[in-house]
$ cat run-v8.cif   # mmCIF, C-alpha atoms
data_entry
loop_
_atom_site.group_PDB
_atom_site.id
_atom_site.type_symbol
_atom_site.label_atom_id
_atom_site.label_comp_id
_atom_site.auth_asym_id
_atom_site.auth_seq_id
_atom_site.Cartn_x
_atom_site.Cartn_y
_atom_site.Cartn_z
ATOM 1 C CA MET A 78 0.000 0.000 0.000
ATOM 2 C CA LYS A 79 0.949 3.658 -0.303
ATOM 3 C CA ALA A 80 1.471 5.737 2.824
ATOM 4 C CA ALA A 81 2.822 9.083 3.981
ATOM 5 C CA VAL A 82 5.798 8.083 6.137
ATOM 6 C CA TYR A 83 8.835 9.584 7.811
ATOM 7 C CA TYR A 84 12.124 8.305 9.181
ATOM 8 C CA GLU A 85 12.850 11.128 11.614
ATOM 9 C CA ASN A 86 10.967 13.802 13.504
ATOM 10 C CA GLY A 87 10.800 17.318 12.175
ATOM 11 C CA GLY A 88 8.777 19.730 10.083
ATOM 12 C CA PRO A 89 6.326 18.731 7.341
ATOM 13 C CA GLU A 90 9.238 18.249 4.952
ATOM 14 C CA VAL A 91 10.132 14.913 6.632
ATOM 15 C CA PHE A 92 7.197 13.186 4.902
ATOM 16 C CA ARG A 93 7.844 10.692 2.094
ATOM 17 C CA TYR A 94 5.135 9.055 -0.032
ATOM 18 C CA GLU A 95 6.176 5.428 -0.335
ATOM 19 C CA ASP A 96 5.108 1.812 -0.737
ATOM 20 C CA VAL A 97 5.013 -0.020 2.590
ATOM 21 C CA ALA A 98 3.754 -3.420 3.746
ATOM 22 C CA ASP A 99 0.010 -3.839 4.230
ATOM 23 C CA PRO A 100 -1.059 -3.940 7.890
ATOM 24 C CA GLU A 101 -2.021 -7.280 9.455
ATOM 25 C CA CYS A 102 -5.435 -7.900 10.980
ATOM 26 C CA HIS A 103 -5.446 -8.872 14.660
ATOM 27 C CA ARG A 104 -7.993 -11.455 15.773
ATOM 28 C CA LYS A 105 -9.753 -8.703 17.771
ATOM 29 C CA GLY A 106 -9.281 -6.068 15.090
ATOM 30 C CA ILE A 107 -10.273 -4.889 11.656
ATOM 31 C CA VAL A 108 -8.576 -3.515 8.551
ATOM 32 C CA ILE A 109 -10.148 -0.690 6.562
ATOM 33 C CA ARG A 110 -9.521 0.722 3.117
ATOM 34 C CA VAL A 111 -9.079 4.365 4.025
ATOM 35 C CA GLU A 112 -11.313 6.880 2.272
ATOM 36 C CA ALA A 113 -10.644 9.950 4.427
ATOM 37 C CA VAL A 114 -7.963 10.817 6.990
ATOM 38 C CA SER A 115 -8.778 13.520 9.531
ATOM 39 C CA ILE A 116 -5.519 15.215 10.538
ATOM 40 C CA GLU A 117 -5.662 15.693 14.290
ATOM 41 C CA GLY A 118 -3.665 18.179 16.334
ATOM 42 C CA GLY A 119 -1.752 15.324 17.893
ATOM 43 C CA ASP A 120 -0.678 14.150 14.440
ATOM 44 C CA THR A 121 1.334 17.307 13.797
ATOM 45 C CA LEU A 122 2.762 17.209 17.321
ATOM 46 C CA ASN A 123 3.760 13.536 16.979
ATOM 47 C CA ARG A 124 5.396 14.208 13.628
ATOM 48 C CA PHE A 125 7.346 17.033 15.230
ATOM 49 C CA ARG A 126 8.630 15.193 18.315
ATOM 50 C CA GLY A 127 6.692 11.987 19.033
ATOM 51 C CA PRO A 128 8.184 8.481 19.191
ATOM 52 C CA LEU A 129 8.646 6.547 15.951
ATOM 53 C CA VAL A 130 6.799 3.359 16.933
ATOM 54 C CA THR A 131 7.501 1.879 13.511
ATOM 55 C CA ARG A 132 10.175 2.590 10.912
ATOM 56 C CA PRO A 133 9.292 4.048 8.534
ATOM 57 C CA HIS A 134 6.609 5.579 10.729
ATOM 58 C CA ILE A 135 2.999 6.197 9.689
ATOM 59 C CA VAL A 136 1.553 8.899 11.891
ATOM 60 C CA GLY A 137 -2.125 9.572 12.520
ATOM 61 C CA TYR A 138 -4.965 9.036 14.991
ATOM 62 C CA GLN A 139 -8.134 9.057 12.913
ATOM 63 C CA ALA A 140 -9.395 7.745 9.562
ATOM 64 C CA ALA A 141 -12.603 6.398 8.038
ATOM 65 C CA GLY A 142 -13.352 3.973 5.251
ATOM 66 C CA GLU A 143 -14.658 0.532 4.280
ATOM 67 C CA VAL A 144 -13.965 -2.599 6.310
ATOM 68 C CA VAL A 145 -12.029 -5.087 4.151
ATOM 69 C CA GLN A 146 -10.974 -7.599 6.819
ATOM 70 C CA VAL A 147 -12.346 -8.643 10.212
ATOM 71 C CA GLY A 148 -10.570 -10.621 12.942
ATOM 72 C CA GLU A 149 -11.950 -13.988 14.034
ATOM 73 C CA ASP A 150 -13.068 -12.669 17.433
ATOM 74 C CA VAL A 151 -14.969 -9.664 16.056
ATOM 75 C CA THR A 152 -18.744 -10.111 15.952
ATOM 76 C CA ASP A 153 -20.201 -6.588 15.788
ATOM 77 C CA ILE A 154 -18.501 -5.308 12.612
ATOM 78 C CA ARG A 155 -18.571 -6.954 9.205
ATOM 79 C CA VAL A 156 -16.727 -6.650 5.915
ATOM 80 C CA GLY A 157 -18.277 -4.005 3.672
ATOM 81 C CA GLN A 158 -19.442 -1.687 6.437
ATOM 82 C CA LYS A 159 -18.204 1.900 6.584
ATOM 83 C CA VAL A 160 -16.554 2.841 9.873
ATOM 84 C CA VAL A 161 -14.510 5.612 11.445
ATOM 85 C CA THR A 162 -11.475 4.486 13.430
ATOM 86 C CA THR A 163 -8.972 5.809 15.945
ATOM 87 C CA GLY A 164 -5.588 4.522 16.999
ATOM 88 C CA GLY A 165 -2.202 5.616 18.264
ATOM 89 C CA PHE A 166 -0.751 5.841 14.747
ATOM 90 C CA GLY A 167 -1.265 4.581 11.197
ATOM 91 C CA SER A 168 -3.982 6.807 9.708
ATOM 92 C CA HIS A 169 -1.901 8.392 6.917
ATOM 93 C CA ALA A 170 -2.132 5.352 4.640
ATOM 94 C CA GLU A 171 -4.323 3.525 2.120
ATOM 95 C CA LEU A 172 -5.013 0.698 4.602
ATOM 96 C CA ARG A 173 -5.312 0.860 8.360
ATOM 97 C CA ALA A 174 -5.544 -1.820 11.086
ATOM 98 C CA VAL A 175 -7.116 -1.027 14.477
ATOM 99 C CA PRO A 176 -8.786 -2.850 17.369
ATOM 100 C CA ALA A 177 -12.500 -3.247 16.666
ATOM 101 C CA ARG A 178 -13.199 -1.447 19.944
ATOM 102 C CA THR A 179 -11.837 1.787 18.494
ATOM 103 C CA ALA A 180 -14.080 1.696 15.424
ATOM 104 C CA TRP A 181 -17.590 3.118 15.097
ATOM 105 C CA VAL A 182 -20.092 2.142 12.418
ATOM 106 C CA ILE A 183 -21.145 5.034 10.170
ATOM 107 C CA PRO A 184 -24.951 5.309 9.826
ATOM 108 C CA GLU A 185 -26.477 4.568 6.430
ATOM 109 C CA GLY A 186 -26.507 7.635 4.219
ATOM 110 C CA MET A 187 -23.904 9.562 6.199
ATOM 111 C CA ALA A 188 -20.893 10.821 4.251
ATOM 112 C CA VAL A 189 -17.657 9.081 5.190
ATOM 113 C CA LYS A 190 -15.806 12.406 5.133
ATOM 114 C CA GLN A 191 -18.172 13.812 7.753
ATOM 115 C CA ALA A 192 -17.799 10.822 10.041
ATOM 116 C CA ALA A 193 -14.017 10.897 9.651
ATOM 117 C CA VAL A 194 -13.680 14.047 11.755
ATOM 118 C CA ILE A 195 -15.912 13.159 14.719
ATOM 119 C CA PRO A 196 -14.503 10.743 17.362
ATOM 120 C CA VAL A 197 -11.429 12.528 18.722
ATOM 121 C CA PRO A 198 -12.525 16.203 18.400
ATOM 122 C CA PHE A 199 -16.161 15.786 19.416
ATOM 123 C CA GLY A 200 -15.463 13.148 22.059
ATOM 124 C CA THR A 201 -12.722 15.317 23.551
ATOM 125 C CA ALA A 202 -14.855 18.477 23.513
ATOM 126 C CA ASP A 203 -17.734 16.634 25.172
ATOM 127 C CA ASP A 204 -15.492 15.315 27.953
ATOM 128 C CA CYS A 205 -13.875 18.724 28.486
ATOM 129 C CA LEU A 206 -17.239 20.415 28.892
ATOM 130 C CA PHE A 207 -19.310 17.858 30.761
ATOM 131 C CA GLU A 208 -17.359 14.943 32.236
ATOM 132 C CA PHE A 209 -14.514 17.078 33.620
ATOM 133 C CA GLY A 210 -15.752 20.665 33.184
ATOM 134 C CA ARG A 211 -19.137 19.839 34.758
ATOM 135 C CA MET A 212 -20.819 22.502 32.635
ATOM 136 C CA LYS A 213 -24.370 23.460 33.571
ATOM 137 C CA LYS A 214 -27.026 25.373 31.666
ATOM 138 C CA GLY A 215 -26.650 29.125 32.081
ATOM 139 C CA GLU A 216 -22.870 29.126 32.569
ATOM 140 C CA ILE A 217 -20.315 31.080 30.538
ATOM 141 C CA VAL A 218 -17.920 29.016 28.430
ATOM 142 C CA LEU A 219 -14.599 30.054 26.887
ATOM 143 C CA VAL A 220 -13.074 27.919 24.133
ATOM 144 C CA GLN A 221 -9.406 28.553 23.427
ATOM 145 C CA ALA A 222 -8.471 27.881 19.771
ATOM 146 C CA GLY A 223 -12.102 28.017 18.688
ATOM 147 C CA ALA A 224 -11.263 27.289 15.035
ATOM 148 C CA SER A 225 -9.613 23.950 15.864
ATOM 149 C CA GLY A 226 -11.447 20.644 15.547
ATOM 150 C CA VAL A 227 -12.008 20.470 19.297
ATOM 151 C CA GLY A 228 -12.959 24.149 19.304
ATOM 152 C CA VAL A 229 -15.586 23.800 16.576
ATOM 153 C CA ALA A 230 -17.139 20.898 18.485
ATOM 154 C CA ALA A 231 -16.975 22.606 21.896
ATOM 155 C CA ILE A 232 -18.683 25.778 20.661
ATOM 156 C CA GLN A 233 -21.623 23.776 19.335
ATOM 157 C CA LEU A 234 -21.907 21.467 22.318
ATOM 158 C CA ALA A 235 -21.790 24.360 24.801
ATOM 159 C CA ALA A 236 -24.404 26.327 22.870
ATOM 160 C CA ARG A 237 -26.644 23.273 22.595
ATOM 161 C CA ALA A 238 -26.360 22.669 26.347
ATOM 162 C CA GLY A 239 -27.681 26.145 27.100
ATOM 163 C CA ALA A 240 -24.565 28.167 27.865
ATOM 164 C CA ALA A 241 -25.414 31.747 28.738
ATOM 165 C CA MET A 242 -22.499 32.879 26.594
ATOM 166 C CA VAL A 243 -19.978 31.052 24.384
ATOM 167 C CA LEU A 244 -16.684 32.884 23.923
ATOM 168 C CA ALA A 245 -13.825 31.663 21.756
ATOM 169 C CA THR A 246 -10.356 32.769 20.734
ATOM 170 C CA ALA A 247 -8.700 32.584 17.306
ATOM 171 C CA SER A 248 -5.808 34.176 15.435
ATOM 172 C CA SER A 249 -7.899 36.407 13.153
ATOM 173 C CA ASP A 250 -11.242 38.180 12.977
ATOM 174 C CA GLU A 251 -12.000 36.266 9.774
ATOM 175 C CA ARG A 252 -11.693 32.906 11.499
ATOM 176 C CA LEU A 253 -13.856 34.106 14.380
ATOM 177 C CA GLU A 254 -16.548 35.285 11.968
ATOM 178 C CA ARG A 255 -16.775 31.786 10.514
ATOM 179 C CA LEU A 256 -17.513 30.406 13.985
ATOM 180 C CA LYS A 257 -20.588 32.546 14.650
ATOM 181 C CA PRO A 258 -23.069 30.244 12.837
ATOM 182 C CA LEU A 259 -21.968 27.424 15.177
ATOM 183 C CA GLY A 260 -23.152 29.214 18.317
ATOM 184 C CA LEU A 261 -20.341 31.638 19.105
ATOM 185 C CA THR A 262 -21.552 34.642 21.112
ATOM 186 C CA HIS A 263 -18.349 36.706 21.062
ATOM 187 C CA GLY A 264 -14.944 36.090 19.504
ATOM 188 C CA ILE A 265 -11.584 37.230 20.864
ATOM 189 C CA ASN A 266 -8.642 37.797 18.529
ATOM 190 C CA TYR A 267 -5.737 36.767 20.741
ATOM 191 C CA ARG A 268 -3.234 38.521 18.459
ATOM 192 C CA THR A 269 -4.779 41.937 19.105
ATOM 193 C CA HIS A 270 -6.412 41.586 22.546
ATOM 194 C CA ASP A 271 -5.516 40.334 26.010
ATOM 195 C CA VAL A 272 -7.787 37.326 26.454
ATOM 196 C CA ALA A 273 -8.480 37.668 30.184
ATOM 197 C CA GLN A 274 -9.191 41.384 29.855
ATOM 198 C CA GLU A 275 -11.623 40.748 27.015
ATOM 199 C CA VAL A 276 -13.374 37.986 28.962
ATOM 200 C CA ALA A 277 -13.775 40.404 31.874
ATOM 201 C CA ARG A 278 -15.200 43.094 29.580
ATOM 202 C CA LEU A 279 -17.578 40.786 27.716
ATOM 203 C CA THR A 280 -18.901 39.119 30.882
ATOM 204 C CA ASP A 281 -19.120 42.270 33.004
ATOM 205 C CA LYS A 282 -16.291 40.846 35.161
ATOM 206 C CA HIS A 283 -18.073 37.551 35.878
ATOM 207 C CA MET A 284 -15.386 35.703 33.827
ATOM 208 C CA ALA A 285 -15.733 32.145 32.440
ATOM 209 C CA ASP A 286 -17.224 29.242 34.380
ATOM 210 C CA VAL A 287 -15.832 26.541 32.069
ATOM 211 C CA ILE A 288 -12.812 26.827 29.793
ATOM 212 C CA VAL A 289 -11.649 24.353 27.142
ATOM 213 C CA ASP A 290 -7.920 24.809 26.469
ATOM 214 C CA SER A 291 -6.266 22.659 23.796
ATOM 215 C CA VAL A 292 -3.271 24.979 23.371
ATOM 216 C CA GLY A 293 -1.383 24.891 26.659
ATOM 217 C CA GLY A 294 1.867 26.831 27.046
ATOM 218 C CA PRO A 295 1.335 30.538 27.805
ATOM 219 C CA THR A 296 -2.292 30.205 26.687
ATOM 220 C CA LEU A 297 -3.008 28.066 29.742
ATOM 221 C CA GLN A 298 -2.090 31.013 31.965
ATOM 222 C CA SER A 299 -4.584 33.204 30.112
ATOM 223 C CA SER A 300 -7.203 30.514 30.743
ATOM 224 C CA ILE A 301 -6.450 30.469 34.466
ATOM 225 C CA ASN A 302 -6.617 34.270 34.510
ATOM 226 C CA SER A 303 -10.046 34.114 32.819
ATOM 227 C CA LEU A 304 -11.723 31.865 35.404
ATOM 228 C CA ALA A 305 -14.800 32.857 37.370
ATOM 229 C CA TYR A 306 -15.286 31.932 41.028
ATOM 230 C CA ARG A 307 -15.417 28.115 41.122
ATOM 231 C CA GLY A 308 -14.468 28.103 37.450
ATOM 232 C CA ARG A 309 -13.006 24.990 35.801
ATOM 233 C CA VAL A 310 -10.343 24.651 33.103
ATOM 234 C CA SER A 311 -10.181 21.461 31.051
ATOM 235 C CA MET A 312 -6.671 21.343 29.607
ATOM 236 C CA VAL A 313 -6.311 18.990 26.659
ATOM 237 C CA GLY A 314 -3.292 18.737 24.404
ATOM 238 C CA GLN A 315 -0.366 21.038 23.843
ATOM 239 C CA ALA A 316 -0.957 22.480 20.400
ATOM 240 C CA GLY A 317 1.188 25.505 21.220
ATOM 241 C CA ARG A 318 4.255 23.245 21.729
ATOM 242 C CA GLU A 319 5.583 25.568 24.435
ATOM 243 C CA PRO A 320 6.414 24.656 28.053
ATOM 244 C CA MET A 321 3.591 24.593 30.606
ATOM 245 C CA LYS A 322 4.801 27.272 33.024
ATOM 246 C CA VAL A 323 1.831 28.639 34.925
ATOM 247 C CA ASP A 324 1.047 30.293 38.252
ATOM 248 C CA VAL A 325 -1.766 28.329 39.859
ATOM 249 C CA GLY A 326 -1.734 30.335 43.076
ATOM 250 C CA SER A 327 -4.723 32.443 42.039
ATOM 251 C CA MET A 328 -6.866 29.325 41.669
ATOM 252 C CA MET A 329 -6.959 28.547 45.380
ATOM 253 C CA GLY A 330 -8.576 31.780 46.538
ATOM 254 C CA GLY A 331 -11.366 31.451 44.010
ATOM 255 C CA ASN A 332 -11.945 27.715 44.550
ATOM 256 C CA ARG A 333 -11.036 27.197 40.915
ATOM 257 C CA SER A 334 -9.855 23.925 39.361
ATOM 258 C CA LEU A 335 -7.682 22.642 36.535
ATOM 259 C CA SER A 336 -8.202 19.182 35.020
ATOM 260 C CA GLY A 337 -6.047 17.408 32.478
ATOM 261 C CA VAL A 338 -8.137 15.588 29.867
ATOM 262 C CA PHE A 339 -6.972 12.720 27.635
ATOM 263 C CA LEU A 340 -9.713 10.952 25.724
ATOM 264 C CA GLY A 341 -7.398 8.102 24.799
ATOM 265 C CA ALA A 342 -7.166 6.969 28.422
ATOM 266 C CA GLU A 343 -10.861 5.997 28.396
ATOM 267 C CA ILE A 344 -11.689 5.604 24.706
ATOM 268 C CA THR A 345 -12.313 1.863 25.001
ATOM 269 C CA THR A 346 -14.697 2.232 27.954
ATOM 270 C CA ASP A 347 -18.418 1.824 27.423
ATOM 271 C CA ARG A 348 -18.975 5.426 28.474
ATOM 272 C CA VAL A 349 -16.725 6.985 25.845
ATOM 273 C CA HIS A 350 -17.405 4.439 23.120
ATOM 274 C CA ASP A 351 -21.181 4.869 23.428
ATOM 275 C CA ASN A 352 -20.900 8.650 23.677
ATOM 276 C CA ILE A 353 -18.892 8.879 20.459
ATOM 277 C CA GLN A 354 -21.444 6.683 18.676
ATOM 278 C CA LYS A 355 -24.161 9.060 19.920
ATOM 279 C CA LEU A 356 -22.233 12.104 18.663
ATOM 280 C CA ILE A 357 -21.853 10.476 15.248
ATOM 281 C CA GLY A 358 -25.630 9.990 15.217
ATOM 282 C CA ASP A 359 -26.170 13.625 16.211
ATOM 283 C CA VAL A 360 -24.122 14.777 13.224
ATOM 284 C CA ALA A 361 -25.891 12.328 10.914
ATOM 285 C CA ARG A 362 -29.250 13.804 11.997
ATOM 286 C CA GLY A 363 -28.037 17.347 11.451
ATOM 287 C CA GLU A 364 -28.087 18.270 15.155
ATOM 288 C CA LEU A 365 -24.360 19.050 15.100
ATOM 289 C CA LYS A 366 -22.123 20.138 12.224
ATOM 290 C CA VAL A 367 -18.653 19.144 11.164
ATOM 291 C CA VAL A 368 -16.476 21.747 9.471
ATOM 292 C CA ILE A 369 -14.046 20.550 6.812
ATOM 293 C CA ASP A 370 -11.726 23.334 5.748
ATOM 294 C CA ARG A 371 -9.698 21.710 2.945
ATOM 295 C CA GLU A 372 -8.816 18.380 1.387
ATOM 296 C CA PHE A 373 -5.404 17.240 0.155
ATOM 297 C CA PRO A 374 -4.317 14.038 -1.595
ATOM 298 C CA LEU A 375 -2.505 11.623 0.721
ATOM 299 C CA SER A 376 0.581 12.161 -1.430
ATOM 300 C CA GLU A 377 0.560 15.812 -0.302
ATOM 301 C CA ALA A 378 0.626 15.113 3.443
ATOM 302 C CA ALA A 379 3.500 17.556 3.886
ATOM 303 C CA GLU A 380 1.508 20.378 2.315
ATOM 304 C CA ALA A 381 -1.543 19.511 4.440
ATOM 305 C CA HIS A 382 0.460 19.567 7.682
ATOM 306 C CA ARG A 383 2.134 22.812 6.611
ATOM 307 C CA TYR A 384 -1.275 24.380 5.982
ATOM 308 C CA ILE A 385 -2.551 23.323 9.418
ATOM 309 C CA GLU A 386 0.511 24.768 11.114
ATOM 310 C CA SER A 387 -0.029 28.093 9.316
ATOM 311 C CA ARG A 388 -3.151 28.502 11.522
ATOM 312 C CA GLN A 389 -5.418 29.345 8.623
ATOM 313 C CA ALA A 390 -7.789 26.394 8.882
ATOM 314 C CA VAL A 391 -11.219 26.445 10.479
ATOM 315 C CA GLY A 392 -12.228 22.909 11.477
ATOM 316 C CA ARG A 393 -10.504 19.844 10.102
ATOM 317 C CA VAL A 394 -8.216 19.221 7.143
ATOM 318 C CA LEU A 395 -8.583 15.877 5.333
ATOM 319 C CA LEU A 396 -6.197 13.654 3.425
ATOM 320 C CA ILE A 397 -7.754 11.571 0.661
ATOM 321 C CA PRO A 398 -5.881 8.410 -0.472
#

$ encode --input "run-v8.cif" --output "structure tokens"
Amino acid sequence: MKAAVYYENGGPEVFRYEDVADPECHRKGIVIRVEAVSIEGGDTLNRFRGPLVTRPHIVGYQAAGEVVQVGEDVTDIRVGQKVVTTGGFGSHAELRAVPARTAWVIPEGMAVKQAAVIPVPFGTADDCLFEFGRMKKGEIVLVQAGASGVGVAAIQLAARAGAAMVLATASSDERLERLKPLGLTHGINYRTHDVAQEVARLTDKHMADVIVDSVGGPTLQSSINSLAYRGRVSMVGQAGREPMKVDVGSMMGGNRSLSGVFLGAEITTDRVHDNIQKLIGDVARGELKVVIDREFPLSEAAEAHRYIESRQAVGRVLLIP
């Protein structure tokens, strides 16, 4: 099969488009013919500095396509079905092998490309808001990196849950404008405004009750500074790639809290697995929207990663084998 591979960590230029061996099907797993790869934030971070589990290494968490092989112990998925899959690596390829437990059947009539972008971003956003952020109707929510995959999902989920106000940050006014139809109340351009000061102004100094932060680094400090009394930050990922140096002293006086969130730690549990299947159904019924910014051929993985890192995208970028 063809795959986008690399032999060393680095920038997008490390990618090579090569023939590699087809993946083997585990007795508790499946193999899919990939139709759409959703490039996740962790994919660019892993390419930059993550471990090379295989050599050459095929990076990538999430991809969707048609099941072409099923392990002998798998009873709930069959050859010919369309599924979306997650895994620690291996999405940037024509074929992909994963445990059946990290695959979700795509409802009849739903576009594979739509389903391809759901499990990690929407599952993560849902956990950040509700499982760990304990969001309640009428609260104020701030989403850092609102134009990211997690951000697009979090804005919609918070608005649907009855947030009194949904705030989000992005690198340009244009990107923020594109988020308004999803439920954004006010956008904050972090290049031109101090985030905490803007949150104070927009909320009449109430600040944010729940914050979803997928950036980390210095952005995490701005999240902490934006918290209301008893406010909660769900910190997920480190898209900013900078050290996590923060002053948490201010959190104690306001009974505030900071939770680290990693969907992968619980993705095989019934709770997360069933929730992701529900979110896929919500999108299929039109209750939630996915945003696909651009598509690139798999052979142009380097260009796709470079585009994502330019911070122009709103939503997800796809690779198409």

$ resolve_selection --input "run-v8.cif" --expression "the PyMOL selection byres ((chain A and resi 334-339) around 12)" --output "number ranges by chain"
A: 119, 197-198, 200-211, 286-291, 293, 297-298, 300-302, 304-315, 323-333, 340-344, 349

$ atom_distance --input "run-v8.cif" --atom1 "atom CA of Gln274 of chain A" --atom2 "atom CA of Ala390 of chain A"
25.8 Å

$ axis_aligned_box --input "run-v8.cif" --around "segment 271-280 of chain A" --padding-each-side "3 Å" --output "JSON"
{"center_x": -12.2, "center_y": 40.2, "center_z": 28.9, "size_x": 19.4, "size_y": 11.8, "size_z": 11.9}

$ residues_around --input "run-v8.cif" --residues "segment 105-116 of chain A" --least-positions-apart "3" --cutoff "7 Å" --atoms "only C-alpha atoms" --output "PyMOL selection string"
chain A and resi 102+120+137+139-151+168-169+171-177+190+193-194+393-398

$ atom_distance --input "run-v8.cif" --atom1 "atom CA of Asn86 of chain A" --atom2 "atom CA of Val136 of chain A"
10.7 Å

$ atom_distance --input "run-v8.cif" --atom1 "atom CA of Lys355 of chain A" --atom2 "atom CA of Glu372 of chain A"
25.8 Å

$ residues_around --input "run-v8.cif" --residues "Tyr138 of chain A" --least-positions-apart "6" --cutoff "6 Å" --atoms "all atoms listed in the file" --output "PyMOL selection string"
chain A and resi 163-166+168

$ residues_near_point --input "run-v8.cif" --point "(-22.8, 31.6, 24.1)" --cutoff "6 Å" --atoms "only C-alpha atoms" --output "list in words"
Ala236, Ala240, Ala241, Met242, Val243, Leu261 and Thr262 of chain A

$ resolve_selection --input "run-v8.cif" --expression "the PyMOL selection byres ((chain A and resi 80) around 6)" --output "short mmCIF file (atom, residue, chain, number, x, y, z; two decimals) with C-alpha atoms, in the frame of the given file"
data_model
loop_
_atom_site.label_atom_id
_atom_site.label_comp_id
_atom_site.auth_asym_id
_atom_site.auth_seq_id
_atom_site.Cartn_x
_atom_site.Cartn_y
_atom_site.Cartn_z
CA LYS A 79 0.95 3.66 -0.30
CA ALA A 81 2.82 9.08 3.98
CA VAL A 82 5.80 8.08 6.14
CA TYR A 94 5.14 9.06 -0.03
CA GLU A 95 6.18 5.43 -0.34
CA HIS A 169 -1.90 8.39 6.92
CA ALA A 170 -2.13 5.35 4.64
#

$ closest_residue --input "run-v8.cif" --among "A:Asp99, A:Ile195, A:His283, A:Ala230" --to "Met78 of chain A" --atoms "all atoms listed in the file"
A:Asp99

$ decode --input "run-v8.cif" --residues "segment 351-388 of chain A" --atoms "C-alpha atoms" --output "PDB file, in the first residue's frame"
ATOM      1  CA  ASP A 351     -21.181   4.869  23.428  1.00  0.00           C
ATOM      2  CA  ASN A 352     -20.900   8.650  23.677  1.00  0.00           C
ATOM      3  CA  ILE A 353     -18.892   8.879  20.459  1.00  0.00           C
ATOM      4  CA  GLN A 354     -21.444   6.683  18.676  1.00  0.00           C
ATOM      5  CA  LYS A 355     -24.161   9.060  19.920  1.00  0.00           C
ATOM      6  CA  LEU A 356     -22.233  12.104  18.663  1.00  0.00           C
ATOM      7  CA  ILE A 357     -21.853  10.476  15.248  1.00  0.00           C
ATOM      8  CA  GLY A 358     -25.630   9.990  15.217  1.00  0.00           C
ATOM      9  CA  ASP A 359     -26.170  13.625  16.211  1.00  0.00           C
ATOM     10  CA  VAL A 360     -24.122  14.777  13.224  1.00  0.00           C
ATOM     11  CA  ALA A 361     -25.891  12.328  10.914  1.00  0.00           C
ATOM     12  CA  ARG A 362     -29.250  13.804  11.997  1.00  0.00           C
ATOM     13  CA  GLY A 363     -28.037  17.347  11.451  1.00  0.00           C
ATOM     14  CA  GLU A 364     -28.087  18.270  15.155  1.00  0.00           C
ATOM     15  CA  LEU A 365     -24.360  19.050  15.100  1.00  0.00           C
ATOM     16  CA  LYS A 366     -22.123  20.138  12.224  1.00  0.00           C
ATOM     17  CA  VAL A 367     -18.653  19.144  11.164  1.00  0.00           C
ATOM     18  CA  VAL A 368     -16.476  21.747   9.471  1.00  0.00           C
ATOM     19  CA  ILE A 369     -14.046  20.550   6.812  1.00  0.00           C
ATOM     20  CA  ASP A 370     -11.726  23.334   5.748  1.00  0.00           C
ATOM     21  CA  ARG A 371      -9.698  21.710   2.945  1.00  0.00           C
ATOM     22  CA  GLU A 372      -8.816  18.380   1.387  1.00  0.00           C
ATOM     23  CA  PHE A 373      -5.404  17.240   0.155  1.00  0.00           C
ATOM     24  CA  PRO A 374      -4.317  14.038  -1.595  1.00  0.00           C
ATOM     25  CA  LEU A 375      -2.505  11.623   0.721  1.00  0.00           C
ATOM     26  CA  SER A 376       0.581  12.161  -1.430  1.00  0.00           C
ATOM     27  CA  GLU A 377       0.560  15.812  -0.302  1.00  0.00           C
ATOM     28  CA  ALA A 378       0.626  15.113   3.443  1.00  0.00           C
ATOM     29  CA  ALA A 379       3.500  17.556   3.886  1.00  0.00           C
ATOM     30  CA  GLU A 380       1.508  20.378   2.315  1.00  0.00           C
ATOM     31  CA  ALA A 381      -1.543  19.511   4.440  1.00  0.00           C
ATOM     32  CA  HIS A 382       0.460  19.567   7.682  1.00  0.00           C
ATOM     33  CA  ARG A 383       2.134  22.812   6.611  1.00  0.00           C
ATOM     34  CA  TYR A 384      -1.275  24.380   5.982  1.00  0.00           C
ATOM     35  CA  ILE A 385      -2.551  23.323   9.418  1.00  0.00           C
ATOM     36  CA  GLU A 386       0.511  24.768  11.114  1.00  0.00           C
ATOM     37  CA  SER A 387      -0.029  28.093   9.316  1.00  0.00           C
ATOM     38  CA  ARG A 388      -3.151  28.502  11.522  1.00  0.00           C
TER      39      ARG A 388
END
